[in-house]
>>> print(open('input_28.cif').read())   # mmCIF, C-alpha atoms
data_input
loop_
_atom_site.group_PDB
_atom_site.id
_atom_site.type_symbol
_atom_site.label_atom_id
_atom_site.label_comp_id
_atom_site.auth_asym_id
_atom_site.auth_seq_id
_atom_site.Cartn_x
_atom_site.Cartn_y
_atom_site.Cartn_z
ATOM 1 C CA MET A 175 118.499 6.024 61.154
ATOM 2 C CA PRO A 176 120.421 6.735 57.937
ATOM 3 C CA ASP A 177 117.304 7.931 56.123
ATOM 4 C CA GLY A 178 116.636 10.863 58.442
ATOM 5 C CA GLY A 179 114.553 9.045 61.029
ATOM 6 C CA ASP A 180 111.683 7.921 58.803
ATOM 7 C CA ARG A 181 110.066 5.067 60.743
ATOM 8 C CA ARG A 182 107.574 3.917 58.117
ATOM 9 C CA GLN A 183 107.813 0.278 57.119
ATOM 10 C CA ARG A 184 110.004 -0.100 54.054
ATOM 11 C CA VAL A 185 110.031 -3.882 53.671
ATOM 12 C CA CYS A 186 107.229 -6.354 53.053
ATOM 13 C CA ASP A 187 106.590 -9.689 51.430
ATOM 14 C CA VAL A 188 104.526 -9.675 48.264
ATOM 15 C CA PRO A 189 101.239 -11.585 48.225
ATOM 16 C CA LEU A 190 100.974 -13.951 45.285
ATOM 17 C CA ALA A 191 97.909 -12.052 44.048
ATOM 18 C CA HIS A 192 100.067 -8.920 43.528
ATOM 19 C CA LEU A 193 103.064 -10.606 41.927
ATOM 20 C CA ARG A 194 102.133 -10.093 38.258
ATOM 21 C CA ALA A 195 101.497 -6.367 38.726
ATOM 22 C CA LEU A 196 104.663 -5.791 40.733
ATOM 23 C CA TRP A 197 107.095 -7.952 38.746
ATOM 24 C CA PRO A 198 107.933 -5.404 35.991
ATOM 25 C CA LYS A 199 108.978 -2.910 38.685
ATOM 26 C CA ILE A 200 111.429 -5.255 40.427
ATOM 27 C CA GLU A 201 112.564 -7.626 37.668
ATOM 28 C CA HIS A 202 115.762 -5.591 37.150
ATOM 29 C CA PHE A 203 116.811 -6.373 40.742
ATOM 30 C CA VAL A 204 116.374 -10.073 40.050
ATOM 31 C CA ALA A 205 118.372 -9.755 36.823
ATOM 32 C CA ASP A 206 121.160 -7.916 38.681
ATOM 33 C CA ALA A 207 121.380 -10.640 41.333
ATOM 34 C CA LEU A 208 121.326 -13.430 38.759
ATOM 35 C CA ALA A 209 124.109 -11.751 36.779
ATOM 36 C CA THR A 210 126.543 -12.601 39.575
ATOM 37 C CA ASP A 211 125.843 -16.345 39.225
ATOM 38 C CA GLU A 212 128.523 -17.631 36.885
ATOM 39 C CA CYS A 213 126.695 -20.961 36.609
ATOM 40 C CA GLY A 214 123.691 -19.279 34.983
ATOM 41 C CA ARG A 215 121.180 -21.369 36.911
ATOM 42 C CA TYR A 216 118.203 -19.053 36.405
ATOM 43 C CA TRP A 217 116.915 -16.259 34.229
ATOM 44 C CA PRO A 218 114.445 -13.726 35.628
ATOM 45 C CA ALA A 219 111.571 -15.509 33.840
ATOM 46 C CA ASP A 220 112.503 -18.731 35.666
ATOM 47 C CA VAL A 221 112.376 -16.958 39.019
ATOM 48 C CA PHE A 222 109.007 -15.438 38.132
ATOM 49 C CA GLN A 223 107.611 -18.899 37.366
ATOM 50 C CA LEU A 224 108.941 -20.278 40.672
ATOM 51 C CA LEU A 225 107.247 -17.447 42.534
ATOM 52 C CA LEU A 226 103.976 -17.999 40.659
ATOM 53 C CA ALA A 227 104.156 -21.667 41.652
ATOM 54 C CA ALA A 228 104.557 -20.554 45.304
ATOM 55 C CA ARG A 229 107.988 -22.204 45.511
ATOM 56 C CA GLY A 230 109.544 -19.002 46.823
ATOM 57 C CA ARG A 231 108.548 -15.750 48.472
ATOM 58 C CA LEU A 232 109.333 -12.271 47.182
ATOM 59 C CA TRP A 233 110.319 -9.490 49.579
ATOM 60 C CA VAL A 234 110.671 -5.845 48.521
ATOM 61 C CA SER A 235 111.809 -2.574 50.017
ATOM 62 C CA TRP A 236 110.110 0.697 49.107
ATOM 63 C CA ASP A 237 111.884 4.067 48.946
ATOM 64 C CA TYR A 238 109.316 6.634 50.086
ATOM 65 C CA GLU A 239 111.328 9.641 48.913
ATOM 66 C CA ALA A 240 111.942 8.368 45.373
ATOM 67 C CA GLU A 241 108.591 6.551 45.275
ATOM 68 C CA GLU A 242 110.117 3.412 43.819
ATOM 69 C CA PHE A 243 111.381 0.028 44.883
ATOM 70 C CA GLU A 244 114.927 -0.063 46.190
ATOM 71 C CA ALA A 245 115.493 -3.795 46.764
ATOM 72 C CA ALA A 246 114.153 -7.286 46.182
ATOM 73 C CA ALA A 247 114.894 -10.610 47.849
ATOM 74 C CA ILE A 248 113.666 -14.155 47.322
ATOM 75 C CA THR A 249 113.417 -16.792 50.028
ATOM 76 C CA GLU A 250 112.474 -20.434 49.985
ATOM 77 C CA ILE A 251 111.700 -22.932 52.711
ATOM 78 C CA ILE A 252 113.842 -26.066 52.593
ATOM 79 C CA GLN A 253 112.808 -29.118 54.568
ATOM 80 C CA SER A 254 115.526 -31.685 55.125
ATOM 81 C CA PRO A 255 115.217 -34.868 57.214
ATOM 82 C CA ARG A 256 116.495 -33.212 60.385
ATOM 83 C CA THR A 257 115.926 -29.496 60.018
ATOM 84 C CA ARG A 258 113.924 -26.789 58.296
ATOM 85 C CA GLU A 259 115.519 -23.632 56.941
ATOM 86 C CA CYS A 260 114.544 -20.428 55.216
ATOM 87 C CA ARG A 261 117.114 -19.801 52.501
ATOM 88 C CA VAL A 262 117.646 -16.314 51.114
ATOM 89 C CA TRP A 263 118.818 -17.208 47.637
ATOM 90 C CA LEU A 264 118.526 -13.935 45.786
ATOM 91 C CA LEU A 265 119.068 -10.378 46.957
ATOM 92 C CA ALA A 266 119.747 -7.142 45.130
ATOM 93 C CA GLY A 267 119.115 -3.473 45.683
ATOM 94 C CA ARG A 268 120.525 -0.061 46.437
ATOM 95 C CA ASP A 269 120.992 1.970 49.625
ATOM 96 C CA TRP A 270 121.129 -1.248 51.654
ATOM 97 C CA ASP A 271 121.794 0.558 54.951
ATOM 98 C CA ARG A 272 118.209 1.800 54.814
ATOM 99 C CA TRP A 273 116.554 -1.646 54.554
ATOM 100 C CA ARG A 274 118.966 -4.471 55.407
ATOM 101 C CA ILE A 275 118.109 -4.748 59.118
ATOM 102 C CA GLU A 276 114.357 -4.469 58.551
ATOM 103 C CA LEU A 277 114.564 -7.128 55.826
ATOM 104 C CA ARG A 278 116.638 -9.415 58.038
ATOM 105 C CA ASP A 279 114.226 -9.026 60.957
ATOM 106 C CA MET A 280 111.149 -9.658 58.797
ATOM 107 C CA ILE A 281 112.644 -12.739 57.144
ATOM 108 C CA GLU A 282 113.702 -14.123 60.528
ATOM 109 C CA ALA A 283 110.182 -13.587 61.926
ATOM 110 C CA TYR A 284 108.697 -15.276 58.856
ATOM 111 C CA ALA A 285 111.148 -18.191 59.195
ATOM 112 C CA ARG A 286 110.175 -18.663 62.855
ATOM 113 C CA SER A 287 106.485 -18.623 61.926
ATOM 114 C CA GLU A 288 107.190 -21.357 59.362
ATOM 115 C CA GLY A 289 108.925 -23.537 61.952
ATOM 116 C CA CYS A 290 112.428 -22.991 60.587
ATOM 117 C CA GLN A 291 115.493 -23.508 62.768
ATOM 118 C CA TYR A 292 117.803 -21.490 60.490
ATOM 119 C CA VAL A 293 117.969 -18.689 57.985
ATOM 120 C CA THR A 294 120.643 -19.491 55.424
ATOM 121 C CA GLY A 295 121.981 -17.947 52.258
ATOM 122 C CA SER A 296 125.046 -17.184 50.266
ATOM 123 C CA GLY A 297 126.641 -14.033 48.997
ATOM 124 C CA SER A 298 129.671 -11.873 49.478
ATOM 125 C CA ARG A 299 131.558 -11.858 52.769
ATOM 126 C CA GLY A 300 130.334 -8.295 53.344
ATOM 127 C CA TRP A 301 126.961 -9.723 54.350
ATOM 128 C CA ILE A 302 128.528 -11.401 57.382
ATOM 129 C CA ARG A 303 129.257 -8.023 58.931
ATOM 130 C CA ALA A 304 126.199 -6.302 57.477
ATOM 131 C CA ILE A 305 123.573 -8.559 59.004
ATOM 132 C CA GLY A 306 125.475 -10.235 61.834
ATOM 133 C CA TYR A 307 125.397 -13.829 60.610
ATOM 134 C CA LYS A 308 128.313 -16.209 60.856
ATOM 135 C CA GLU A 309 130.148 -17.743 57.954
ATOM 136 C CA ASN A 310 129.396 -21.407 57.329
ATOM 137 C CA GLY A 311 131.761 -22.499 54.577
ATOM 138 C CA VAL A 312 131.958 -21.078 51.094
ATOM 139 C CA ASN A 313 130.240 -21.744 47.795
ATOM 140 C CA LEU A 314 132.547 -23.167 45.174
ATOM 141 C CA MET A 315 132.069 -23.752 41.481
ATOM 142 C CA HIS A 316 134.141 -25.045 38.623
ATOM 143 C CA PRO A 317 132.819 -24.900 35.075
ATOM 144 C CA LEU A 318 133.088 -28.085 33.013
ATOM 145 C CA TYR A 319 133.252 -27.904 29.258
ATOM 146 C CA ASN A 320 132.981 -30.615 26.638
ATOM 147 C CA GLY A 321 135.901 -30.934 24.262
#
>>> encode(input="input_28.cif", output="structure tokens")
Amino acid sequence: MPDGGDRRQRVCDVPLAHLRALWPKIEHFVADALATDECGRYWPADVFQLLLAARGRLWVSWDYEAEEFEAAAITEIIQSPRTRECRVWLLAGRDWDRWRIELRDMIEAYARSEGCQYVTGSGSRGWIRAIGYKENGVNLMHPLYNG
């Protein structure tokens, strides 16, 4: 393992009861991820409110050596007429080689337990190689301005 063989669990989901206490420690990860969205769909406060309303689930990774959080991810369950998916819609962190596989495995197990047929998400093409998923189209955007 890249972190010297430490086999302690790094990744977990955050119970709703702990969200308020933990948020100030991971909000910067959310802000970093949102900064890449040129559409400006959300601010960190919006994400916090969605989590409080149980419309998403927060996942974190803990760095035991530095004694601080090293990553945060947000998932949501989407039910469509013919399928159910767990969408990873926000992800940011550092030292991703230390937590990416554990996070992937935990989210996939959670998705299965929720009856999902897919885990989906968007991001850079580097994630295709990093977590072993296949590309399914691209996200496009075009800003429209009045005047």
>>> atom_distance(input="input_28.cif", atom1="CA of Ile275 in chain A", atom2="CA of Ile200 in chain A")
19.9 Å
>>> atom_distance(input="input_28.cif", atom1="CA of Trp197 in chain A", atom2="CA of Asp237 in chain A")
16.5 Å
>>> residues_around(input="input_28.cif", residues="Gln223 in chain A", least_positions_apart="5", cutoff="12 Å", atoms="only C-alpha atoms", output="ChimeraX atom specification")
/A:190,193-194,197,216-218,228-232
>>> resolve_selection(input="input_28.cif", expression="the PyMOL selection byres ((chain A and resi 291-297) around 6)", output="count of residues only")
8
>>> closest_residue(input="input_28.cif", among="A:Leu277, A:Ile248, A:Ala240, A:Val188", to="Val204 in chain A", atoms="only C-alpha atoms")
A:Ile248
>>> atom_distance(input="input_28.cif", atom1="CA of Glu242 in chain A", atom2="CA of Lys199 in chain A")
8.2 Å
>>> resolve_selection(input="input_28.cif", expression="the PyMOL selection byres ((chain A and resi 186) around 10)", output="ChimeraX atom specification")
/A:183-185,187-189,232-236,246,276-277,280-281
>>> residues_around(input="input_28.cif", residues="Arg268 in chain A", least_positions_apart="4", cutoff="9 Å", atoms="all atoms listed in the file", output="list in words")
Glu244, Ala245 and Arg272 of chain A
